[in-house]
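Text of target_26.txt, listed as compact mmCIF, C-alpha atoms and all ligand atoms:
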```
# COMPACT_ATOMS: atom_id res chain seq x y z
CA MET A 294 110.43 10.31 70.73
CA ARG A 295 109.81 11.53 67.19
CA TYR A 296 108.92 14.88 68.63
CA THR A 297 112.24 15.09 70.53
CA ARG A 298 114.29 14.28 67.41
CA ALA A 299 112.47 16.89 65.39
CA LYS A 300 113.19 19.47 68.11
CA VAL A 301 116.84 18.53 68.26
CA GLU A 302 117.19 18.91 64.48
CA PHE A 303 115.24 22.16 64.41
CA GLN A 304 117.32 24.11 66.93
CA PRO A 305 120.64 24.16 65.01
CA ARG A 306 118.76 25.34 61.88
CA LEU A 307 117.37 28.33 63.86
CA ARG A 308 120.87 29.23 65.04
CA ASN A 309 122.17 29.13 61.47
CA ALA A 310 119.29 31.31 60.23
CA GLY A 311 120.03 34.01 62.86
CA GLU A 312 123.77 34.15 62.18
CA PRO A 313 123.70 35.97 58.78
CA VAL A 314 121.23 38.54 60.17
CA ARG A 315 123.52 39.26 63.13
CA ARG A 316 126.54 39.45 60.81
CA ARG A 317 124.70 41.89 58.50
CA TYR A 318 123.70 43.98 61.54
CA ARG A 319 127.33 44.05 62.75
CA ILE A 320 128.59 45.10 59.27
CA LEU A 321 125.93 47.83 58.99
CA SER A 322 126.75 49.11 62.50
CA GLY A 323 130.44 49.17 61.55
CA ILE A 324 129.72 51.14 58.35
CA LEU A 325 127.48 53.56 60.29
CA LEU A 326 130.20 54.07 62.93
CA VAL A 327 132.83 54.73 60.26
CA LEU A 328 130.45 57.16 58.53
CA VAL A 329 129.67 59.03 61.76
CA LEU A 330 133.39 59.19 62.67
CA GLY A 331 134.15 60.38 59.12
CA VAL A 332 131.50 63.13 59.23
CA VAL A 333 132.59 64.27 62.73
CA SER A 334 136.28 64.31 61.71
CA LEU A 335 135.46 66.24 58.52
CA ALA A 336 133.33 68.71 60.51
CA ILE A 337 136.21 69.25 62.98
CA ALA A 338 138.73 69.64 60.13
CA MET A 339 136.44 72.05 58.26
CA SER A 340 135.74 74.30 61.24
CA HIS A 341 139.29 74.29 62.64
CA ASN A 342 141.18 77.61 62.43
CA THR A 343 144.96 77.28 62.25
CA PRO A 344 146.62 80.25 64.04
CA CYS A 345 147.94 83.03 61.80
CA GLY A 346 151.66 82.59 62.48
CA PRO A 347 154.47 84.95 61.45
CA THR A 348 154.76 86.63 58.04
CA PRO A 349 156.56 84.25 55.65
CA PRO A 350 160.10 85.40 54.65
CA PRO A 351 160.40 87.08 51.20
CA THR A 352 161.05 84.72 48.28
CA ALA A 353 164.76 84.95 47.36
CA GLY A 354 165.39 86.62 44.00
CA ALA A 355 161.71 87.54 43.41
CA THR A 356 160.57 91.09 42.66
CA ALA A 357 158.14 92.17 45.39
CA MET A 358 154.77 93.90 45.13
CA LYS A 359 152.24 94.98 47.74
CA ALA A 360 149.16 92.84 48.31
CA ILE A 361 146.36 92.25 50.78
CA VAL A 362 146.72 88.79 52.30
CA HIS A 363 145.39 86.65 55.15
CA HIS A 364 147.40 83.69 56.43
CA CYS A 365 144.53 82.41 58.57
CA TYR A 366 140.74 82.58 58.61
CA GLY A 367 139.12 85.28 60.72
CA SER A 368 137.74 88.82 60.80
CA ALA A 369 139.28 91.77 58.97
CA ASP A 370 141.76 91.98 61.89
CA VAL A 371 143.77 89.09 60.37
CA ILE A 372 144.30 90.98 57.10
CA ARG A 373 147.87 92.08 56.33
CA TYR A 374 149.32 94.51 53.81
CA GLU A 375 152.46 92.67 52.77
CA ASP A 376 155.19 92.25 50.19
CA VAL A 377 154.52 89.20 48.02
CA PRO A 378 156.28 88.04 44.83
CA LYS A 379 155.17 89.97 41.73
CA PRO A 380 153.62 87.44 39.31
CA ALA A 381 155.02 86.87 35.81
CA PRO A 382 152.58 86.14 32.98
CA ALA A 383 152.53 82.62 31.50
CA ASP A 384 152.37 82.29 27.70
CA ASP A 385 148.56 82.70 27.64
CA GLU A 386 148.40 85.33 30.41
CA ILE A 387 148.23 89.09 30.72
CA LEU A 388 150.05 90.94 33.50
CA VAL A 389 147.83 93.81 34.68
CA LYS A 390 148.99 96.74 36.81
CA VAL A 391 145.92 97.15 39.00
CA HIS A 392 144.75 100.75 39.52
CA ALA A 393 141.53 99.97 41.38
CA ALA A 394 139.74 96.96 42.84
CA SER A 395 136.35 96.61 44.50
CA VAL A 396 135.26 94.43 47.38
CA ASN A 397 132.31 92.04 47.48
CA PRO A 398 130.66 89.91 50.17
CA LEU A 399 132.49 87.00 48.47
CA ASP A 400 135.79 88.46 49.77
CA TRP A 401 134.77 88.26 53.39
CA HIS A 402 133.42 84.75 52.84
CA TYR A 403 136.98 83.81 51.75
CA LEU A 404 138.47 85.89 54.58
CA GLU A 405 136.41 84.11 57.23
CA GLY A 406 136.34 80.75 55.45
CA THR A 407 132.55 80.61 55.85
CA PRO A 408 130.32 78.82 55.17
CA TYR A 409 132.76 76.07 56.14
CA MET A 410 131.98 74.12 52.95
CA LEU A 411 133.92 76.82 51.10
CA ARG A 412 137.10 75.57 52.83
CA LEU A 413 136.97 72.36 50.78
CA ASP A 414 138.05 74.64 47.94
CA ALA A 415 139.87 77.47 49.79
CA GLY A 416 141.87 75.27 52.18
CA LEU A 417 141.25 73.40 55.45
CA GLY A 418 142.53 75.13 58.61
CA ALA A 419 144.08 78.06 56.74
CA PRO A 420 143.70 79.53 53.23
CA ALA A 421 145.75 77.69 50.61
CA ASP A 422 146.11 81.00 48.76
CA PRO A 423 146.43 84.00 51.12
CA ARG A 424 145.42 86.64 48.54
CA LEU A 425 142.04 88.41 48.49
CA GLY A 426 139.86 90.35 46.06
CA VAL A 427 138.46 89.61 42.61
CA ASP A 428 137.21 92.74 40.77
CA PHE A 429 139.92 94.88 39.16
CA SER A 430 140.64 97.57 36.60
CA GLY A 431 144.11 98.45 35.35
CA THR A 432 146.65 98.71 32.54
CA VAL A 433 148.30 95.82 30.70
CA GLU A 434 152.00 95.82 31.61
CA ALA A 435 153.14 92.68 29.76
CA VAL A 436 151.64 89.78 27.83
CA GLY A 437 152.65 86.13 27.31
CA LYS A 438 153.82 85.11 23.84
CA LYS A 439 150.52 83.40 22.89
CA VAL A 440 148.38 86.46 23.78
CA THR A 441 146.97 88.11 20.64
CA ARG A 442 144.20 90.47 21.76
CA TYR A 443 146.02 92.67 24.27
CA LYS A 444 149.28 94.62 24.32
CA PRO A 445 151.13 96.66 26.95
CA GLY A 446 149.35 99.94 27.64
CA ASP A 447 145.79 98.61 27.01
CA GLU A 448 143.27 99.51 29.71
CA VAL A 449 141.34 96.49 30.93
CA PHE A 450 138.93 95.40 33.65
CA GLY A 451 137.55 92.11 34.91
CA GLY A 452 137.72 89.58 37.71
CA LYS A 453 140.62 87.49 38.98
CA PHE A 454 141.28 86.07 42.45
CA GLY A 455 143.99 88.12 44.20
CA ALA A 456 142.97 91.49 42.72
CA LEU A 457 143.69 93.40 45.96
CA ALA A 458 147.33 93.78 44.90
CA ASP A 459 149.64 95.89 42.75
CA TYR A 460 149.53 93.30 39.96
CA VAL A 461 147.40 90.39 38.82
CA THR A 462 147.83 87.89 35.96
CA VAL A 463 144.77 86.86 33.95
CA ARG A 464 144.42 84.26 31.19
CA GLU A 465 143.44 85.86 27.90
CA ASP A 466 140.33 83.65 27.61
CA ARG A 467 139.09 84.38 31.15
CA ALA A 468 137.24 87.32 32.77
CA ILE A 469 139.05 90.27 31.20
CA ALA A 470 137.81 92.86 28.68
CA PRO A 471 138.74 96.31 27.40
CA LYS A 472 137.79 98.97 29.94
CA PRO A 473 134.73 101.04 28.90
CA THR A 474 136.15 104.14 27.25
CA ASN A 475 134.07 106.54 29.36
CA ALA A 476 134.79 104.85 32.71
CA THR A 477 137.41 105.68 35.32
CA HIS A 478 139.40 102.77 36.76
CA GLN A 479 137.40 103.11 39.96
CA GLN A 480 134.12 102.76 38.05
CA ALA A 481 135.38 99.84 35.95
CA ALA A 482 136.67 98.07 39.07
CA ALA A 483 133.17 98.24 40.53
CA ILE A 484 131.62 96.14 37.77
CA ALA A 485 132.65 92.49 37.56
CA ILE A 486 130.97 90.41 40.28
CA ALA A 487 128.06 92.68 41.19
CA ALA A 488 127.00 93.70 37.68
CA ILE A 489 127.47 90.24 36.16
CA THR A 490 125.38 88.78 38.98
CA ALA A 491 122.58 91.27 38.33
CA LEU A 492 122.81 90.68 34.55
CA GLN A 493 122.77 86.88 34.76
CA GLY A 494 120.04 86.95 37.43
CA LEU A 495 117.72 89.15 35.35
CA ARG A 496 118.52 87.92 31.84
CA ASP A 497 119.58 84.27 32.13
CA LYS A 498 117.65 83.04 35.16
CA GLY A 499 114.83 85.60 35.23
CA HIS A 500 114.23 85.74 31.44
CA ILE A 501 113.39 89.43 31.76
CA HIS A 502 111.53 91.13 28.93
CA PRO A 503 110.11 94.60 28.22
CA GLY A 504 106.98 95.67 30.04
CA GLN A 505 107.42 93.28 32.97
CA GLN A 506 106.98 94.32 36.57
CA VAL A 507 110.35 93.65 38.24
CA LEU A 508 111.08 93.83 41.95
CA ILE A 509 114.67 94.30 43.19
CA ASN A 510 114.93 93.53 46.91
CA GLY A 511 118.13 95.08 48.30
CA ALA A 512 118.17 97.73 45.54
CA SER A 513 120.81 100.02 47.04
CA GLY A 514 123.75 97.62 47.43
CA GLY A 515 126.37 96.45 44.94
CA VAL A 516 124.17 93.99 43.02
CA GLY A 517 120.98 96.03 43.54
CA THR A 518 122.26 99.34 42.10
CA PHE A 519 123.30 97.49 38.91
CA GLY A 520 120.08 95.44 39.00
CA VAL A 521 117.82 98.52 38.94
CA GLN A 522 119.68 100.08 36.00
CA LEU A 523 119.88 96.81 34.04
CA ALA A 524 116.18 96.02 34.55
CA LYS A 525 115.34 99.51 33.24
CA SER A 526 117.64 98.99 30.24
CA PHE A 527 115.65 95.80 29.45
CA GLY A 528 112.47 97.90 29.38
CA ALA A 529 110.92 96.70 32.65
CA THR A 530 108.94 98.68 35.19
CA VAL A 531 111.10 98.52 38.31
CA THR A 532 110.30 98.58 42.01
CA GLY A 533 113.28 98.82 44.37
CA VAL A 534 113.31 97.98 48.07
CA CYS A 535 115.79 99.77 50.36
CA SER A 536 115.99 101.69 53.62
CA THR A 537 114.88 105.33 54.08
CA LYS A 538 118.32 106.85 53.49
CA ASN A 539 118.63 105.23 50.04
CA ILE A 540 115.21 106.05 48.57
CA GLU A 541 116.47 109.01 46.52
CA LEU A 542 119.48 107.03 45.27
CA VAL A 543 117.34 104.13 44.01
CA ARG A 544 114.88 106.53 42.39
CA ALA A 545 117.76 108.37 40.68
CA LEU A 546 118.96 105.03 39.26
CA GLY A 547 115.65 104.78 37.40
CA ALA A 548 113.32 102.83 39.71
CA ASP A 549 109.68 103.65 38.94
CA ARG A 550 108.65 102.91 42.51
CA VAL A 551 110.72 102.67 45.70
CA VAL A 552 109.58 100.87 48.84
CA ASP A 553 111.17 101.70 52.19
CA TYR A 554 111.47 98.39 54.02
CA THR A 555 111.53 100.13 57.39
CA GLN A 556 107.99 101.44 56.71
CA GLU A 557 106.33 98.87 54.50
CA ASP A 558 106.42 95.10 54.02
CA ILE A 559 106.61 94.59 50.26
CA THR A 560 104.97 91.15 50.50
CA ARG A 561 101.80 92.69 52.04
CA GLY A 562 101.28 95.12 49.14
CA THR A 563 98.79 94.82 46.27
CA GLN A 564 101.32 95.12 43.42
CA ARG A 565 102.09 91.85 41.60
CA TYR A 566 105.47 91.10 39.97
CA ASP A 567 106.70 89.04 37.00
CA LEU A 568 110.27 88.81 38.25
CA ILE A 569 111.87 89.20 41.69
CA LEU A 570 115.64 89.63 42.06
CA ASP A 571 116.29 89.00 45.75
CA ASN A 572 119.64 90.18 47.09
CA VAL A 573 118.79 89.87 50.76
CA ALA A 574 116.16 87.10 51.13
CA THR A 575 114.35 88.87 53.92
CA HIS A 576 111.00 87.08 53.42
CA SER A 577 109.88 83.47 53.13
CA LEU A 578 109.26 82.10 49.65
CA PHE A 579 105.57 81.69 50.59
CA ASP A 580 105.40 85.44 51.33
CA TYR A 581 106.97 86.20 47.94
CA ARG A 582 104.46 83.88 46.23
CA ARG A 583 101.65 86.19 47.36
CA ILE A 584 103.02 89.05 45.23
CA MET A 585 104.05 86.97 42.20
CA ASN A 586 101.99 86.69 39.00
CA PRO A 587 101.10 83.09 38.04
CA ASP A 588 104.08 82.67 35.67
CA ALA A 589 106.51 84.86 37.62
CA VAL A 590 110.13 83.97 38.36
CA TYR A 591 111.92 84.42 41.69
CA VAL A 592 115.73 84.59 41.54
CA LEU A 593 117.67 84.29 44.80
CA ILE A 594 121.00 86.11 44.72
CA GLY A 595 122.08 86.30 48.34
CA SER A 596 120.85 86.08 51.87
CA SER A 597 121.41 87.86 55.14
CA ASP A 598 122.01 84.43 56.76
CA HIS A 599 125.75 84.34 57.45
CA GLY A 600 125.67 80.99 59.26
CA HIS A 601 128.81 78.90 59.35
CA TRP A 602 127.29 75.61 58.29
CA PHE A 603 124.22 74.97 56.13
CA GLY A 604 121.90 77.91 56.95
CA TRP A 605 122.58 79.46 53.55
CA LEU A 606 121.23 76.31 51.87
CA TRP A 607 117.78 76.60 53.43
CA LYS A 608 116.25 79.05 50.88
CA PRO A 609 117.73 77.35 47.77
CA LEU A 610 116.44 74.02 49.10
CA GLN A 611 112.96 75.50 49.61
CA ALA A 612 113.09 76.94 46.08
CA TRP A 613 114.03 73.54 44.67
CA VAL A 614 111.20 71.80 46.57
CA ILE A 615 108.50 74.37 45.82
CA SER A 616 109.20 75.01 42.12
CA PRO A 617 107.81 71.73 40.65
CA PHE A 618 104.47 72.27 42.45
CA THR A 619 103.77 75.86 41.40
CA SER A 620 103.25 77.71 38.13
CA GLN A 621 105.84 80.23 39.38
CA LYS A 622 109.53 79.38 39.22
CA PHE A 623 111.92 79.71 42.16
CA GLY A 624 115.67 79.39 41.76
CA MET A 625 119.07 80.82 42.59
CA ILE A 626 122.18 81.65 40.63
CA PHE A 627 125.91 81.48 41.17
CA ALA A 628 127.33 84.18 38.95
CA ASP A 629 129.83 83.08 36.35
CA LEU A 630 132.43 85.72 35.38
CA ARG A 631 132.17 85.50 31.60
CA GLN A 632 134.19 87.62 29.17
CA GLU A 633 131.17 88.22 26.90
CA ASP A 634 129.15 89.57 29.83
CA LEU A 635 131.96 91.98 30.75
CA ALA A 636 131.81 93.23 27.13
CA THR A 637 127.99 93.60 27.31
CA LEU A 638 128.30 95.62 30.52
CA ALA A 639 131.10 97.76 29.05
CA SER A 640 128.94 98.68 26.05
CA LEU A 641 125.97 99.49 28.33
CA MET A 642 128.29 101.84 30.24
CA GLU A 643 129.50 103.42 27.02
CA SER A 644 125.90 104.01 25.88
CA GLY A 645 125.11 105.71 29.20
CA LYS A 646 122.64 103.03 30.38
CA LEU A 647 124.82 101.85 33.26
CA THR A 648 126.83 103.90 35.75
CA PRO A 649 128.41 102.25 38.79
CA VAL A 650 127.49 103.83 42.11
CA ILE A 651 130.57 104.22 44.29
CA ASP A 652 129.90 104.58 47.98
CA ARG A 653 133.42 104.87 49.43
CA THR A 654 137.01 104.49 48.31
CA TYR A 655 139.91 103.22 50.42
CA GLU A 656 143.64 102.94 49.77
CA LEU A 657 145.07 99.44 49.34
CA LYS A 658 146.77 99.54 52.75
CA ASP A 659 143.31 100.19 54.30
CA ALA A 660 141.51 97.37 52.49
CA ALA A 661 140.69 95.78 55.87
CA ASP A 662 138.52 98.84 56.63
CA ALA A 663 136.79 98.49 53.25
CA LEU A 664 135.85 94.91 54.15
CA ARG A 665 134.76 95.91 57.68
CA TYR A 666 132.45 98.51 56.18
CA LEU A 667 131.03 96.12 53.57
CA GLU A 668 130.38 93.42 56.16
CA LYS A 669 127.93 95.70 57.97
CA GLY A 670 125.58 95.02 55.01
CA HIS A 671 124.56 98.61 54.25
CA ALA A 672 126.88 99.75 51.47
CA ARG A 673 125.33 102.22 49.00
CA GLY A 674 126.53 100.76 45.73
CA LYS A 675 130.14 99.63 45.59
CA VAL A 676 133.14 99.96 47.90
CA VAL A 677 136.31 100.56 45.89
CA VAL A 678 140.00 100.23 46.75
CA THR A 679 142.49 102.43 44.89
CA ILE A 680 146.02 101.27 44.15
CA ASP A 681 148.93 103.54 43.13
N1 LIG B 701 124.72 84.31 43.89
C1 LIG B 701 125.80 84.98 43.49
O1 LIG B 701 126.51 84.60 42.55
C2 LIG B 701 126.14 86.26 44.21
C3 LIG B 701 126.98 87.20 43.61
C4 LIG B 701 127.20 88.40 44.27
C5 LIG B 701 126.64 88.62 45.52
N2 LIG B 701 125.88 87.65 46.09
C6 LIG B 701 125.23 87.87 47.38
O2 LIG B 701 124.21 88.83 47.19
C7 LIG B 701 124.05 89.59 48.38
C8 LIG B 701 124.10 91.06 48.02
O3 LIG B 701 125.38 91.38 47.53
P1 LIG B 701 125.79 92.90 47.39
O4 LIG B 701 127.14 92.94 46.78
O5 LIG B 701 124.70 93.66 46.75
O6 LIG B 701 125.87 93.32 48.94
P2 LIG B 701 125.96 94.78 49.57
O7 LIG B 701 126.62 95.69 48.61
O8 LIG B 701 126.52 94.61 50.92
O9 LIG B 701 124.43 95.29 49.68
C9 LIG B 701 123.60 94.88 50.66
C10 LIG B 701 122.33 95.75 50.55
O10 LIG B 701 121.30 95.09 51.23
C11 LIG B 701 120.39 96.08 51.66
N3 LIG B 701 119.57 95.58 52.76
C12 LIG B 701 119.94 95.25 54.01
N4 LIG B 701 118.87 94.83 54.71
C13 LIG B 701 117.80 94.90 53.87
C14 LIG B 701 116.42 94.60 53.99
N5 LIG B 701 115.92 94.13 55.14
N6 LIG B 701 115.63 94.78 52.91
C15 LIG B 701 116.11 95.23 51.75
N7 LIG B 701 117.42 95.55 51.58
C16 LIG B 701 118.24 95.38 52.62
C17 LIG B 701 121.24 97.24 52.08
O11 LIG B 701 120.49 98.42 51.88
P3 LIG B 701 120.13 99.43 53.07
O12 LIG B 701 121.45 100.05 53.50
O13 LIG B 701 119.20 100.40 52.44
O14 LIG B 701 119.53 98.61 54.18
C18 LIG B 701 122.45 97.14 51.15
O15 LIG B 701 122.36 98.11 50.16
C19 LIG B 701 125.14 89.12 49.34
O16 LIG B 701 124.58 88.18 50.23
C20 LIG B 701 126.15 88.42 48.44
O17 LIG B 701 126.86 87.42 49.12
C21 LIG B 701 125.61 86.49 45.45
```
What would you get if you wrote out this structure as structure tokens?
Amino acid sequence: MRYTRAKVEFQPRLRNAGEPVRRRYRILSGILLVLVLGVVSLAIAMSHNTPCGPTPPPTAGATAMKAIVHHCYGSADVIRYEDVPKPAPADDEILVKVHAASVNPLDWHYLEGTPYMLRLDAGLGAPADPRLGVDFSGTVEAVGKKVTRYKPGDEVFGGKFGALADYVTVREDRAIAPKPTNATHQQAAAIAIAAITALQGLRDKGHIHPGQQVLINGASGGVGTFGVQLAKSFGATVTGVCSTKNIELVRALGADRVVDYTQEDITRGTQRYDLILDNVATHSLFDYRRIMNPDAVYVLIGSSDHGHWFGWLWKPLQAWVISPFTSQKFGMIFADLRQEDLATLASLMESGKLTPVIDRTYELKDAADALRYLEKGHARGKVVVTID
């Protein structure tokens, strides 16, 4: 009898003990479901391409200028050469008449909206701002009333989104500097992104110093042609990696040794390096380790992985995981268009230590062809767009 009572009292207590666990499980399942639905919805929103649609009507009363635009994400086929409103400088801005612009892989990332994460900034479905281009060189046409360092007629160069256009406005404290006196507009337009990337990769991340053995992988492209010259100007011994057709070019830029990647795998060689600037990420980080001195630095600039989602993150993630466990350092950089670095590069040009290599030039109306050519991944130096 006592046993029966104890059993009767015990059962309700068991039911009560199980209830909070079940409730917690239901809440957790609900949260997980909401999270999964959220991630799936975000993934759909991020990868969705809104159709291009018709050209928007001209803005009433606005002065028009020509510009390269894209109203949807896609290949160079979606690019249009259109009339858009000519910008007016704000109080702290400079209005620049663009004479030349250059294209970078960054431009086709914006054109295609890939990797999709970029669309969180550039716009979901379609670009929030249809303009393209960053690097420019031109003449100051007008300045806002707070601008003190520039006046109409000054020749300037730098980087500003929307540079593939007749005009661009740039804040006085942003990426703009006097054009090197010995440079043409085409040469000055070739500088901003590629040369600043090479400079910050070698100097700021790579801590380059004289006498070091420096390897530039992808030595014949936009970043690489600046990288070879800059590494030499820092007093390093430079090895450049490129394909057969570019060997003479890379040697002429000052490389002490040139390796043809179609004939030789650089990571199987006996030479050891203090600094690697990697523009193409064609080998695993473990392969690079084999040819790095114990305190060497590896700087990832770009990769040939053009995946739409997270493929591009794989190498930086590896670098982040490996670095704490080795005496060598692995890292990557995102170039920052700084005014003082533009000035440094301008003075290197003026002293004859840096000369942009220009592969091809296109007219503004043919900028889509410039991007098609660049996207093939075998430009020799920079691809420039000229603007009347
Ligand atoms: N992290 C940043 O802030 C930043 C800034 C600028 C650029 N980037 C990235 O850096 C990368 C390079 O930019 P870029 O402007 O120099 O591009 P680019 O002008 O298109 O140059 C690409 C170069 O890669 C070379 N190449 C192709 N396959 C190769 C291989 N297997 N081994 C060695 N070299 C090879 C090509 O030379 P051959 O014709 O001889 O094959 C070509 O000269 C891009 O991925 C870009 O997105 C990153």
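Separating atom CA of Asp466 of chain A from atom CA of Asp414 of chain A is a distance of 22.4 Å.
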Enclose the full set of atoms of segment 432-446 of chain A listed in the file within a box whose edges lie along x, y and z, apply 5 Å of padding to each of the six sides, and report centre and edge lengths in Å to one decimal as AutoDock Vina command-line options.
```
--center_x 149.0 --center_y 91.7 --center_z 26.6 --size_x 19.6 --size_y 26.5 --size_z 21.9
```
Point to revise | Spatial neighbours of segment 467-479 of chain A, 10 Å, all atoms listed in the file, chain gap at least 4 places, as a ChimeraX atom specification | key: /A:386-387,391-395,428-432,442-443,447-453,463,483-485,629-645,648-649,651,654,675-680
query = Quick one: residues within 7 Å of ligand LIG 701 (chain B), with only C-alpha atoms and all ligand atoms, as a ChimeraX atom specification?
reply = /A:397-399,486-487,490,510-517,534-539,554,572-573,575,594-597,625-628,667-668,670-675
Given the selection you just returned, output its residues as a file containing C-alpha atoms, formatted as a compact mmCIF listing (two decimals), in the frame of the given file.
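selection_37.txt was written with the following content:
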```txt
# COMPACT_ATOMS: atom_id res chain seq x y z
CA ASN A 397 132.31 92.04 47.48
CA PRO A 398 130.66 89.91 50.17
CA LEU A 399 132.49 87.00 48.47
CA ILE A 486 130.97 90.41 40.28
CA ALA A 487 128.06 92.68 41.19
CA THR A 490 125.38 88.78 38.98
CA ASN A 510 114.93 93.53 46.91
CA GLY A 511 118.13 95.08 48.30
CA ALA A 512 118.17 97.73 45.54
CA SER A 513 120.81 100.02 47.04
CA GLY A 514 123.75 97.62 47.43
CA GLY A 515 126.37 96.45 44.94
CA VAL A 516 124.17 93.99 43.02
CA GLY A 517 120.98 96.03 43.54
CA VAL A 534 113.31 97.98 48.07
CA CYS A 535 115.79 99.77 50.36
CA SER A 536 115.99 101.69 53.62
CA THR A 537 114.88 105.33 54.08
CA LYS A 538 118.32 106.85 53.49
CA ASN A 539 118.63 105.23 50.04
CA TYR A 554 111.47 98.39 54.02
CA ASN A 572 119.64 90.18 47.09
CA VAL A 573 118.79 89.87 50.76
CA THR A 575 114.35 88.87 53.92
CA ILE A 594 121.00 86.11 44.72
CA GLY A 595 122.08 86.30 48.34
CA SER A 596 120.85 86.08 51.87
CA SER A 597 121.41 87.86 55.14
CA MET A 625 119.07 80.82 42.59
CA ILE A 626 122.18 81.65 40.63
CA PHE A 627 125.91 81.48 41.17
CA ALA A 628 127.33 84.18 38.95
CA LEU A 667 131.03 96.12 53.57
CA GLU A 668 130.38 93.42 56.16
CA GLY A 670 125.58 95.02 55.01
CA HIS A 671 124.56 98.61 54.25
CA ALA A 672 126.88 99.75 51.47
CA ARG A 673 125.33 102.22 49.00
CA GLY A 674 126.53 100.76 45.73
CA LYS A 675 130.14 99.63 45.59
```
Take atom CA of Arg565 of chain A and atom CA of Ser616 of chain A and report the distance between them in Å, one decimal.
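Between atom CA of Arg565 of chain A and atom CA of Ser616 of chain A the gap works out to 18.3 Å.
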